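This is coords21.tsv. It holds TSV, C-alpha atoms.
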```tsv
chain	number	residue	atom	x	y	z
A	662	MET	CA	26.33	26.67	-70.07
A	663	GLY	CA	24.09	26.87	-67.02
A	664	VAL	CA	24.70	25.87	-63.43
A	665	ARG	CA	27.93	24.02	-62.71
A	666	THR	CA	28.56	22.14	-59.48
A	667	GLU	CA	31.94	21.15	-58.15
A	668	THR	CA	33.39	20.02	-54.85
A	669	ILE	CA	36.74	21.63	-54.12
A	670	ARG	CA	39.11	20.75	-51.32
A	671	VAL	CA	40.44	23.89	-49.63
A	672	SER	CA	42.82	24.63	-46.81
A	673	GLY	CA	41.85	26.38	-43.62
A	674	ILE	CA	38.41	25.02	-42.73
A	675	ARG	CA	38.64	23.83	-39.15
A	676	CYS	CA	35.46	24.89	-37.39
A	677	GLU	CA	32.17	26.73	-37.65
A	678	ARG	CA	33.89	30.11	-37.47
A	679	CYS	CA	35.98	29.19	-40.51
A	680	VAL	CA	32.82	28.26	-42.38
A	681	ASN	CA	31.23	31.55	-41.43
A	682	ARG	CA	34.35	33.38	-42.62
A	683	LEU	CA	34.14	31.49	-45.90
A	684	SER	CA	30.47	32.39	-46.05
A	685	SER	CA	31.30	36.08	-45.71
A	686	ALA	CA	33.90	35.78	-48.46
A	687	LEU	CA	31.31	34.37	-50.85
A	688	GLN	CA	28.33	36.40	-49.68
A	689	GLY	CA	26.76	38.25	-52.57
A	690	HIS	CA	29.10	36.79	-55.19
A	691	ASP	CA	27.14	37.28	-58.39
A	692	GLY	CA	26.26	33.99	-60.02
A	693	LEU	CA	26.91	31.77	-56.96
A	694	GLU	CA	23.80	29.65	-56.52
A	695	SER	CA	24.76	27.70	-53.42
A	696	ALA	CA	27.71	26.70	-51.33
A	697	SER	CA	28.25	24.21	-48.55
A	698	ALA	CA	31.28	23.07	-46.63
A	699	ASN	CA	32.09	19.98	-44.62
A	700	LEU	CA	34.38	19.11	-41.77
A	701	MET	CA	36.93	17.58	-44.13
A	702	GLY	CA	37.54	20.92	-45.82
A	703	GLU	CA	35.47	20.19	-48.92
A	704	VAL	CA	33.46	23.07	-50.35
A	705	THR	CA	30.68	22.28	-52.80
A	706	LEU	CA	29.86	25.21	-55.05
A	707	ALA	CA	27.10	25.62	-57.61
A	708	TRP	CA	27.40	28.59	-59.90
A	709	ASP	CA	25.93	30.02	-63.06
A	710	ASP	CA	28.84	29.94	-65.48
A	711	GLU	CA	27.36	32.74	-67.55
A	712	ARG	CA	27.75	35.08	-64.57
A	713	THR	CA	30.85	33.88	-62.75
A	714	THR	CA	33.69	31.42	-63.07
A	715	ARG	CA	35.49	28.81	-61.03
A	716	GLU	CA	38.55	31.07	-61.02
A	717	ALA	CA	36.60	34.05	-59.69
A	718	LEU	CA	35.19	31.94	-56.88
A	719	LEU	CA	38.64	30.58	-56.01
A	720	GLU	CA	39.96	34.13	-55.97
A	721	ALA	CA	37.19	35.23	-53.58
A	722	MET	CA	37.95	32.33	-51.28
A	723	GLY	CA	41.68	32.93	-51.57
A	724	LYS	CA	41.32	36.52	-50.40
A	725	ALA	CA	39.85	35.16	-47.18
A	726	GLY	CA	42.73	32.70	-46.80
A	727	PHE	CA	41.16	29.55	-48.24
A	728	ARG	CA	43.35	27.98	-50.92
A	729	GLU	CA	42.49	25.12	-53.20
A	730	LEU	CA	44.36	21.95	-52.33
A	731	PRO	CA	45.54	19.56	-55.01
A	732	ALA	CA	43.38	16.48	-55.38
A	733	GLN	CA	46.11	14.13	-54.19
A	734	VAL	CA	46.07	15.79	-50.76
A	735	LEU	CA	42.66	14.23	-50.21
B	828	MET	CA	36.84	13.99	-10.25
B	829	SER	CA	33.78	14.58	-8.09
B	830	PHE	CA	30.97	17.07	-7.68
B	831	GLY	CA	32.37	20.58	-7.53
B	832	SER	CA	35.74	19.58	-8.95
B	833	THR	CA	35.11	21.62	-12.08
B	834	ALA	CA	33.37	24.96	-12.52
B	835	PRO	CA	29.59	24.53	-12.35
B	836	TRP	CA	27.71	24.09	-15.61
B	837	THR	CA	30.70	22.94	-17.61
B	838	VAL	CA	29.64	20.54	-20.35
B	839	GLY	CA	30.92	17.33	-21.85
B	840	VAL	CA	29.26	15.66	-24.84
B	841	GLU	CA	29.32	12.07	-26.05
B	842	GLU	CA	28.23	11.21	-29.58
B	843	GLU	CA	27.62	7.65	-30.77
B	844	LEU	CA	28.36	7.28	-34.48
B	845	VAL	CA	27.85	4.40	-36.89
B	846	LEU	CA	30.72	3.06	-39.00
B	847	VAL	CA	29.47	2.01	-42.42
B	848	ASP	CA	30.75	0.64	-45.68
B	849	PRO	CA	31.37	3.63	-48.00
B	850	GLU	CA	29.53	2.01	-50.90
B	851	THR	CA	26.63	0.08	-49.41
B	852	LEU	CA	26.28	2.19	-46.24
B	853	GLN	CA	25.69	-1.04	-44.32
B	854	PRO	CA	27.33	-1.30	-40.87
B	855	ALA	CA	31.06	-1.92	-41.01
B	856	PRO	CA	32.39	-3.58	-37.82
B	857	VAL	CA	35.81	-1.95	-37.98
B	858	PHE	CA	36.12	-0.23	-34.60
B	859	GLU	CA	39.02	-2.47	-33.61
B	860	ARG	CA	40.92	-1.48	-36.76
B	861	GLY	CA	42.43	1.70	-35.38
B	862	LEU	CA	39.42	3.77	-34.38
B	863	ALA	CA	40.23	3.99	-30.68
B	864	VAL	CA	41.92	7.04	-29.21
B	865	PRO	CA	42.11	7.11	-25.40
B	866	GLU	CA	39.61	9.51	-23.82
B	867	ARG	CA	38.37	10.73	-27.22
B	868	LEU	CA	37.20	7.88	-29.45
B	869	LYS	CA	35.93	4.85	-27.57
B	870	ALA	CA	34.21	1.54	-28.09
B	871	GLU	CA	30.44	1.42	-27.70
B	872	LEU	CA	29.24	-2.18	-27.48
B	873	PHE	CA	29.08	-2.90	-31.22
B	874	ALA	CA	32.12	-3.01	-33.49
B	875	CYS	CA	30.26	-0.83	-35.99
B	876	LEU	CA	29.93	2.04	-33.48
B	877	VAL	CA	32.37	4.61	-32.15
B	878	GLU	CA	31.77	6.97	-29.26
B	879	ALA	CA	33.28	10.44	-29.54
B	880	ALA	CA	33.70	12.19	-26.18
B	881	THR	CA	34.64	15.83	-25.75
B	882	PRO	CA	36.80	16.97	-22.86
B	883	VAL	CA	35.22	19.16	-20.20
B	884	CYS	CA	34.12	22.34	-22.00
B	885	ARG	CA	33.26	25.67	-20.45
B	886	ASP	CA	30.33	26.15	-22.80
B	887	ALA	CA	28.48	24.61	-25.72
B	888	ALA	CA	30.38	26.65	-28.33
B	889	GLN	CA	33.60	25.09	-27.12
B	890	ALA	CA	31.89	21.70	-27.17
B	891	LEU	CA	30.93	22.33	-30.80
B	892	ASP	CA	34.54	22.98	-31.73
B	893	SER	CA	35.52	19.78	-29.99
B	894	LEU	CA	32.76	17.74	-31.66
B	895	VAL	CA	33.86	19.05	-35.06
B	896	CYS	CA	37.44	17.92	-34.39
B	897	LEU	CA	36.25	14.54	-33.08
B	898	ARG	CA	34.02	13.81	-36.08
B	899	ARG	CA	36.87	14.78	-38.38
B	900	GLU	CA	39.31	12.54	-36.55
B	901	ALA	CA	36.84	9.66	-36.46
B	902	ALA	CA	36.14	10.10	-40.18
B	903	ASN	CA	39.84	10.04	-41.01
B	904	ARG	CA	40.39	6.91	-38.93
B	905	ALA	CA	37.28	5.29	-40.37
B	906	ALA	CA	38.54	6.00	-43.89
B	907	ARG	CA	41.84	4.31	-43.09
B	908	ALA	CA	39.83	1.30	-41.89
B	909	GLY	CA	37.79	1.33	-45.11
B	910	ALA	CA	34.64	2.87	-43.63
B	911	ARG	CA	32.82	6.16	-43.22
B	912	LEU	CA	30.70	7.74	-40.50
B	913	VAL	CA	26.97	8.18	-40.20
B	914	ALA	CA	25.43	10.18	-37.36
B	915	ILE	CA	21.86	8.99	-36.79
B	916	GLY	CA	19.68	7.62	-33.98
B	917	ILE	CA	19.24	4.15	-35.50
B	918	HIS	CA	20.75	2.90	-38.76
B	919	PRO	CA	17.56	2.70	-40.85
B	920	LEU	CA	18.47	-0.48	-42.74
B	921	ALA	CA	20.88	-2.48	-40.57
B	922	ARG	CA	20.00	-5.96	-39.41
B	923	SER	CA	21.01	-5.67	-35.80
B	924	HIS	CA	20.96	-9.36	-34.85
B	925	GLY	CA	24.41	-10.87	-35.10
B	926	GLN	CA	26.27	-7.56	-35.39
B	927	PRO	CA	29.76	-8.16	-33.96
B	928	ILE	CA	30.29	-7.03	-30.38
B	929	VAL	CA	33.53	-5.34	-29.28
B	930	CYS	CA	35.72	-7.82	-27.46
B	931	GLU	CA	35.82	-6.30	-23.96
B	932	PRO	CA	34.83	-7.96	-20.68
B	933	ARG	CA	32.17	-5.36	-19.87
B	934	TYR	CA	30.41	-6.06	-23.16
B	935	GLU	CA	30.75	-9.81	-22.82
B	936	GLU	CA	29.04	-9.48	-19.42
B	937	MET	CA	26.30	-7.45	-21.04
B	938	VAL	CA	25.74	-10.07	-23.72
B	939	ALA	CA	25.64	-12.79	-21.08
B	940	LYS	CA	23.06	-10.81	-19.13
B	941	LEU	CA	20.82	-9.66	-21.97
B	942	GLY	CA	21.16	-12.50	-24.46
B	943	ASP	CA	19.75	-11.74	-27.89
B	944	ALA	CA	18.05	-8.63	-26.51
B	945	VAL	CA	21.44	-6.96	-26.63
B	946	TYR	CA	21.04	-6.58	-30.39
B	947	ARG	CA	18.07	-4.27	-29.80
B	948	GLN	CA	20.64	-1.83	-28.44
B	949	LEU	CA	22.18	-1.06	-31.80
B	950	VAL	CA	21.09	2.53	-31.25
B	951	CYS	CA	22.94	5.82	-31.02
B	952	GLY	CA	22.41	8.49	-28.40
B	953	LEU	CA	23.74	11.92	-27.64
B	954	HIS	CA	24.68	12.23	-23.96
B	955	VAL	CA	25.33	15.57	-22.29
B	956	HIS	CA	27.18	15.84	-19.00
B	957	VAL	CA	26.70	19.04	-17.03
B	958	GLY	CA	28.98	19.80	-14.10
B	959	VAL	CA	27.18	20.42	-10.81
B	960	ALA	CA	28.55	21.77	-7.57
B	961	SER	CA	27.28	19.19	-5.11
B	962	GLU	CA	25.37	15.95	-4.66
B	963	GLU	CA	22.34	17.91	-3.47
B	964	ALA	CA	22.40	20.22	-6.49
B	965	CYS	CA	22.69	17.16	-8.71
B	966	LEU	CA	19.55	15.55	-7.27
B	967	ARG	CA	17.61	18.82	-7.40
B	968	ALA	CA	18.59	19.23	-11.03
B	969	LEU	CA	17.66	15.64	-11.84
B	970	GLU	CA	14.15	16.13	-10.51
B	971	GLY	CA	13.79	19.54	-12.14
B	972	VAL	CA	15.01	18.30	-15.52
B	973	LEU	CA	12.81	15.21	-15.57
B	974	PRO	CA	9.48	16.84	-16.58
B	975	TRP	CA	11.20	18.44	-19.57
B	976	LEU	CA	12.79	15.28	-20.90
B	977	PRO	CA	9.76	14.28	-23.01
B	978	THR	CA	10.07	17.61	-24.83
B	979	LEU	CA	13.78	16.94	-25.37
B	980	ILE	CA	12.96	13.45	-26.65
B	981	ALA	CA	10.52	14.85	-29.19
B	982	LEU	CA	12.91	17.61	-30.30
B	983	ALA	CA	15.81	15.18	-30.66
B	984	ALA	CA	13.90	12.36	-32.39
B	985	ASN	CA	16.09	10.91	-35.15
B	986	SER	CA	15.28	7.20	-35.29
B	987	PRO	CA	11.96	6.50	-37.02
B	988	PHE	CA	13.22	3.52	-39.04
B	989	ALA	CA	14.79	0.22	-38.03
B	990	GLU	CA	15.61	-2.88	-40.07
B	991	GLY	CA	14.25	-1.11	-43.16
B	992	ALA	CA	10.79	-0.52	-41.72
B	993	ASP	CA	8.85	2.42	-40.33
B	994	THR	CA	8.64	1.77	-36.58
B	995	GLY	CA	5.65	4.05	-36.10
B	996	CYS	CA	7.81	6.11	-33.75
B	997	ARG	CA	9.82	9.21	-34.37
B	998	SER	CA	12.33	7.95	-31.81
B	999	ALA	CA	12.33	4.16	-31.78
B	1000	ARG	CA	15.52	4.34	-29.73
B	1001	ILE	CA	13.63	5.61	-26.69
B	1002	GLY	CA	11.50	2.47	-26.55
B	1003	ARG	CA	14.57	0.28	-26.88
B	1004	LEU	CA	16.36	2.05	-24.02
B	1005	GLY	CA	13.36	1.34	-21.87
B	1006	GLU	CA	13.83	-2.38	-22.50
B	1007	LEU	CA	17.15	-2.40	-20.64
B	1008	PRO	CA	17.11	-3.46	-17.00
B	1009	GLY	CA	17.17	-0.18	-15.11
B	1010	GLY	CA	16.58	1.69	-18.37
B	1011	GLY	CA	14.33	4.73	-18.73
B	1012	ARG	CA	12.92	6.46	-15.69
B	1013	PRO	CA	15.16	7.09	-12.71
B	1014	PRO	CA	13.80	6.28	-9.26
B	1015	VAL	CA	12.85	9.08	-6.88
B	1016	LEU	CA	16.07	10.20	-5.18
B	1017	ARG	CA	15.28	12.59	-2.35
B	1018	ARG	CA	18.72	12.49	-0.77
B	1019	TRP	CA	22.13	11.17	-1.68
B	1020	SER	CA	21.68	8.08	0.48
B	1021	ASP	CA	18.77	7.13	-1.82
B	1022	TRP	CA	21.16	7.15	-4.75
B	1023	GLU	CA	23.71	5.11	-2.82
B	1024	ALA	CA	20.99	2.58	-2.01
B	1025	ALA	CA	19.81	2.47	-5.62
B	1026	VAL	CA	23.27	1.66	-6.94
B	1027	ALA	CA	24.51	-0.46	-4.02
B	1028	GLY	CA	26.60	-3.36	-5.27
B	1029	ARG	CA	26.16	-2.31	-8.91
B	1030	ASP	CA	28.15	-0.46	-11.49
B	1031	TYR	CA	26.06	2.70	-11.82
B	1032	THR	CA	27.13	3.16	-15.41
B	1033	ARG	CA	25.10	-0.01	-16.13
B	1034	LEU	CA	21.94	1.78	-15.00
B	1035	TRP	CA	20.64	3.36	-18.18
B	1036	TRP	CA	18.34	5.97	-16.68
B	1037	ASP	CA	17.23	8.82	-18.92
B	1038	VAL	CA	19.06	11.20	-16.60
B	1039	ARG	CA	21.53	10.08	-13.99
B	1040	PRO	CA	24.13	11.37	-11.56
B	1041	HIS	CA	27.66	10.60	-12.64
B	1042	PRO	CA	29.68	11.25	-9.46
B	1043	ARG	CA	32.94	10.10	-11.00
B	1044	TYR	CA	32.70	13.01	-13.45
B	1045	GLY	CA	30.88	15.31	-11.03
B	1046	THR	CA	28.04	15.70	-13.50
B	1047	LEU	CA	24.39	15.13	-14.16
B	1048	GLU	CA	24.14	13.19	-17.41
B	1049	VAL	CA	21.18	13.82	-19.72
B	1050	ARG	CA	20.85	10.77	-21.96
B	1051	VAL	CA	17.54	11.00	-23.80
B	1052	ALA	CA	18.54	12.67	-27.07
B	1053	ASP	CA	18.87	10.57	-30.19
B	1054	GLN	CA	22.18	11.07	-31.96
B	1055	GLN	CA	21.88	14.10	-34.20
B	1056	THR	CA	23.05	14.07	-37.80
B	1057	SER	CA	23.92	17.77	-37.65
B	1058	VAL	CA	26.89	18.42	-35.41
B	1059	GLN	CA	25.49	21.87	-34.75
B	1060	ARG	CA	22.25	20.38	-33.46
B	1061	SER	CA	24.32	18.18	-31.16
B	1062	ALA	CA	25.92	21.32	-29.75
B	1063	GLY	CA	22.47	22.89	-29.53
B	1064	PHE	CA	21.31	20.05	-27.29
B	1065	ALA	CA	24.43	20.49	-25.18
B	1066	ALA	CA	23.55	24.15	-24.72
B	1067	LEU	CA	19.93	23.29	-23.96
B	1068	ALA	CA	20.83	20.60	-21.41
B	1069	GLN	CA	23.37	22.90	-19.78
B	1070	ALA	CA	20.84	25.71	-19.35
B	1071	LEU	CA	18.13	23.32	-18.21
B	1072	VAL	CA	20.35	21.74	-15.54
B	1073	ALA	CA	21.58	25.15	-14.35
B	1074	THR	CA	17.99	26.36	-14.08
B	1075	ALA	CA	16.66	23.20	-12.43
B	1076	ALA	CA	19.42	23.06	-9.82
B	1077	GLU	CA	18.17	26.34	-8.37
B	1078	GLU	CA	14.75	24.88	-7.57
B	1079	ASP	CA	13.71	22.17	-5.14
B	1080	PRO	CA	10.70	20.59	-6.82
B	1081	GLU	CA	8.45	17.80	-5.62
B	1082	PRO	CA	9.27	14.51	-7.35
B	1083	VAL	CA	7.61	13.97	-10.69
B	1084	ASP	CA	5.07	11.14	-10.75
B	1085	ARG	CA	7.02	8.40	-12.50
B	1086	ALA	CA	3.95	6.83	-14.12
B	1087	CYS	CA	3.07	10.21	-15.67
B	1088	TYR	CA	6.66	10.59	-16.79
B	1089	LEU	CA	6.62	7.21	-18.50
B	1090	ALA	CA	3.36	8.05	-20.28
B	1091	GLU	CA	4.78	11.38	-21.50
B	1092	ARG	CA	8.00	9.64	-22.49
B	1093	ARG	CA	6.09	7.15	-24.65
B	1094	ARG	CA	4.05	9.93	-26.24
B	1095	ALA	CA	7.14	12.00	-26.98
B	1096	ALA	CA	8.76	9.10	-28.84
B	1097	VAL	CA	5.80	8.99	-31.22
B	1098	GLN	CA	4.49	12.52	-31.62
B	1099	PRO	CA	6.13	15.75	-32.75
B	1100	PRO	CA	7.10	18.24	-30.05
B	1101	HIS	CA	4.14	20.19	-28.74
B	1102	PRO	CA	4.58	23.88	-29.64
B	1103	ALA	CA	3.36	25.05	-26.24
B	1104	ALA	CA	5.84	22.78	-24.47
B	1105	VAL	CA	8.67	24.03	-26.69
B	1106	ALA	CA	7.67	27.64	-26.00
B	1107	ALA	CA	7.58	26.96	-22.26
B	1108	LEU	CA	10.98	25.26	-22.38
B	1109	ARG	CA	12.39	28.16	-24.35
B	1110	GLY	CA	11.13	30.65	-21.77
B	1111	LEU	CA	12.46	28.54	-18.91
B	1112	VAL	CA	16.02	28.15	-20.21
B	1113	GLU	CA	16.54	31.50	-21.90
B	1114	PRO	CA	18.00	33.39	-18.91
B	1115	ALA	CA	20.48	30.63	-18.07
B	1116	ALA	CA	21.32	29.98	-21.71
B	1117	ARG	CA	22.05	33.67	-22.22
B	1118	ALA	CA	24.16	33.81	-19.07
B	1119	LEU	CA	26.11	30.71	-20.09
B	1120	GLY	CA	26.62	31.81	-23.69
B	1121	GLY	CA	24.63	29.00	-25.27
B	1122	TRP	CA	21.54	30.97	-26.29
B	1123	PRO	CA	22.38	31.31	-30.02
B	1124	LEU	CA	22.69	27.52	-30.28
B	1125	VAL	CA	19.50	26.94	-28.28
B	1126	GLU	CA	17.60	29.47	-30.37
B	1127	LYS	CA	18.75	27.87	-33.61
B	1128	LEU	CA	17.91	24.41	-32.31
B	1129	LEU	CA	14.39	25.32	-31.19
B	1130	ALA	CA	13.71	27.12	-34.47
B	1131	GLY	CA	14.53	23.99	-36.46
B	1132	ARG	CA	12.54	20.82	-36.86
B	1133	PRO	CA	13.42	17.38	-35.49
B	1134	GLU	CA	15.59	15.40	-37.85
B	1135	ALA	CA	13.09	12.52	-37.76
B	1136	GLU	CA	10.83	14.60	-39.98
B	1137	GLY	CA	13.36	14.68	-42.80
B	1138	GLN	CA	13.90	10.96	-42.39
B	1139	LEU	CA	10.19	10.23	-42.64
B	1140	GLU	CA	9.94	12.30	-45.82
B	1141	ALA	CA	12.91	10.51	-47.38
B	1142	GLY	CA	12.10	6.91	-46.40
B	1143	PRO	CA	14.69	4.55	-44.92
B	1144	VAL	CA	17.02	4.40	-47.91
B	1145	GLY	CA	16.92	8.13	-48.58
B	1146	ALA	CA	17.25	8.90	-44.88
B	1147	LEU	CA	20.42	6.84	-44.62
B	1148	ARG	CA	21.93	8.45	-47.70
B	1149	HIS	CA	21.03	11.91	-46.44
B	1150	ALA	CA	22.53	11.23	-43.00
B	1151	ALA	CA	25.73	9.88	-44.56
B	1152	GLU	CA	26.02	13.03	-46.67
B	1153	ARG	CA	25.25	15.42	-43.82
B	1154	THR	CA	27.30	13.89	-40.99
B	1155	LEU	CA	30.37	15.94	-41.86
B	1156	VAL	CA	28.61	19.09	-42.99
B	1157	LEU	CA	28.79	22.41	-41.20
B	1158	GLU	CA	25.74	24.49	-41.88
B	1159	PRO	CA	26.05	28.25	-41.80
B	1160	SER	CA	22.87	30.03	-42.75
B	1161	TRP	CA	24.19	30.67	-46.23
B	1162	ALA	CA	24.75	27.05	-47.09
B	1163	SER	CA	21.14	26.05	-47.41
B	1164	ALA	CA	19.76	29.01	-49.31
B	1165	PRO	CA	20.50	30.04	-52.89
B	1166	ARG	CA	22.46	33.26	-53.15
B	1167	PRO	CA	20.47	36.25	-54.29
B	1168	SER	CA	21.44	37.21	-57.81
B	1169	GLY	CA	23.11	40.40	-58.84
```

Represent the structure contained in this file as structure tokens.
Amino acid sequence: MGVRTETIRVSGIRCERCVNRLSSALQGHDGLESASANLMGEVTLAWDDERTTREALLEAMGKAGFRELPAQVL
Amino acid sequence: MSFGSTAPWTVGVEEELVLVDPETLQPAPVFERGLAVPERLKAELFACLVEAATPVCRDAAQALDSLVCLRREAANRAARAGARLVAIGIHPLARSHGQPIVCEPRYEEMVAKLGDAVYRQLVCGLHVHVGVASEEACLRALEGVLPWLPTLIALAANSPFAEGADTGCRSARIGRLGELPGGGRPPVLRRWSDWEAAVAGRDYTRLWWDVRPHPRYGTLEVRVADQQTSVQRSAGFAALAQALVATAAEEDPEPVDRACYLAERRRAAVQPPHPAAVAALRGLVEPAARALGGWPLVEKLLAGRPEAEGQLEAGPVGALRHAAERTLVLEPSWASAPRPSG
């Protein structure tokens, strides 16, 4: 219970515009405490797991075209 | 290439990045293990450094895209060599003496010339090339840019620590550049023949002036900024330098007193940027920055604080860790602030 933090590797992050698009996809997502992305396509999310879930966040990102990559792709 | 060979006010950016051990974050001299990519990732004196150079870009936004790709490529190559990247003005903890030098004749000559002093140059700068239309425009821009360089130095400060100690500066790199023969202030260059006389018989790329003509690229090169940890701040300085050069090239100012410049340069390496100077710089460059499309980056840059401040708050160990974590981060406005609930 409480805030969970996880770094997820996703497809499709190539530049600042991609990050801004990801930002829009997550904007206002209830329960998302913070999010940051890096140039290697890693998104670090912190969320309140009483208000949202990892799956819901992945779905929001997926709608904008960002898909989780399997760990071995790292 | 030569002056006028590209559209005026095009930009090219060079970043100098440190290769470090992923665990200890100490310098990792692995450049010669597959880091080099012709024209893009180059050697920079020490084997623990890599220089990332963008192609000619029409504006700073395009330069940002290129810098993002270059940092990513450098990071991937560094990982294959067992290292990672840190973007910072001076590695806060590294012992510089004895760091391996890249095996190239130009660097061997430099070592022969400078001796042990060469190790003081384990520093990282952000260099911005701005295309200019002619030799005359280049010299006008050089003189017009010069009085603003201390403000750029203060804004770009990102090297307060060296060898694990507080240097008392916000940009210790600036002092070290001044130790190089021909480093720091450029001479007064009223006409192109003055430049030819100044570089006669020498490789002009071995003159480490704070701002210098680069006729082979057809650019004026602004060299004072410390390497920025944030790639977006790097692009911000590219936009700022572009607008400043474009503005300055339209004027024909009297030469700046070089002694005054040196005094301001020293002050800027130690003190935070003066708000009035930043406001004046902002007013000066805004029209050109808007016209050239770089204003959003300039505005964001000038609204932020120099990265040296975060380093000083964190101390040398924390500053290094922070820089290592942030080198590959893209920062949209949402990333730093908690999301509003509900």

Given all atoms listed in the file as the basis, pick out the residue of A:Ala686, A:Leu693, A:Leu718, A:Cys679 nearest to chain B. A:Leu693

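Excluding Leu844 of chain B and any residue on its chain fewer than 6 positions from it, the residues at most 7 Å away by all atoms listed in the file are Leu876, Val877, Glu878, Leu912, Val913, Ala914 and Cys951 of chain B.
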
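Atom CA of Gln688 of chain A lies 21.7 Å from atom CA of Leu730 of chain A.
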
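The gap separating atom CA of Gly1145 of chain B from atom CA of Ile669 of chain A is 24.6 Å, in Å to one decimal.
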
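Comparing the minimum interatomic distances between chain B and each of A:Asn699, A:Thr705, A:Thr713, A:Ser685, counting all atoms listed in the file, we find that A:Asn699 sits nearest.
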
Surrounding residues of Ala989 of chain B excluding itself and chain neighbours under 3 positions, 9 Å, all atoms listed in the file, as a list in words: Ile917, His918, Pro919, Leu920, Ala921, Arg922, Ser923, Ser986, Ala992, Asp993, Thr994, Ala999 and Pro1143 of chain B

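Take atom CA of Gln1069 of chain B and atom CA of Thr837 of chain B: the distance between them is 7.6 Å.
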
For a quick test of understanding: name the residues of chain A lying within 9 Å of chain B when counting all atoms listed in the file, and present them as a short mmCIF file (atom, residue, chain, number, x, y, z; two decimals) with C-alpha atoms, keeping the file's coordinate frame.
```
data_model
loop_
_atom_site.label_atom_id
_atom_site.label_comp_id
_atom_site.auth_asym_id
_atom_site.auth_seq_id
_atom_site.Cartn_x
_atom_site.Cartn_y
_atom_site.Cartn_z
CA ARG A 675 38.64 23.83 -39.15
CA CYS A 676 35.46 24.89 -37.39
CA GLU A 677 32.17 26.73 -37.65
CA VAL A 680 32.82 28.26 -42.38
CA ASN A 681 31.23 31.55 -41.43
CA SER A 684 30.47 32.39 -46.05
CA SER A 685 31.30 36.08 -45.71
CA GLN A 688 28.33 36.40 -49.68
CA GLY A 689 26.76 38.25 -52.57
CA HIS A 690 29.10 36.79 -55.19
CA ASP A 691 27.14 37.28 -58.39
CA GLY A 692 26.26 33.99 -60.02
CA LEU A 693 26.91 31.77 -56.96
CA GLU A 694 23.80 29.65 -56.52
CA SER A 695 24.76 27.70 -53.42
CA ALA A 696 27.71 26.70 -51.33
CA SER A 697 28.25 24.21 -48.55
CA ALA A 698 31.28 23.07 -46.63
CA ASN A 699 32.09 19.98 -44.62
CA LEU A 700 34.38 19.11 -41.77
CA MET A 701 36.93 17.58 -44.13
#
```

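Among the candidates B:Ala1090, B:Ala981, B:Glu970, B:Glu1006, the one nearest to Glu1078 of chain B when counting only C-alpha atoms is B:Glu970.
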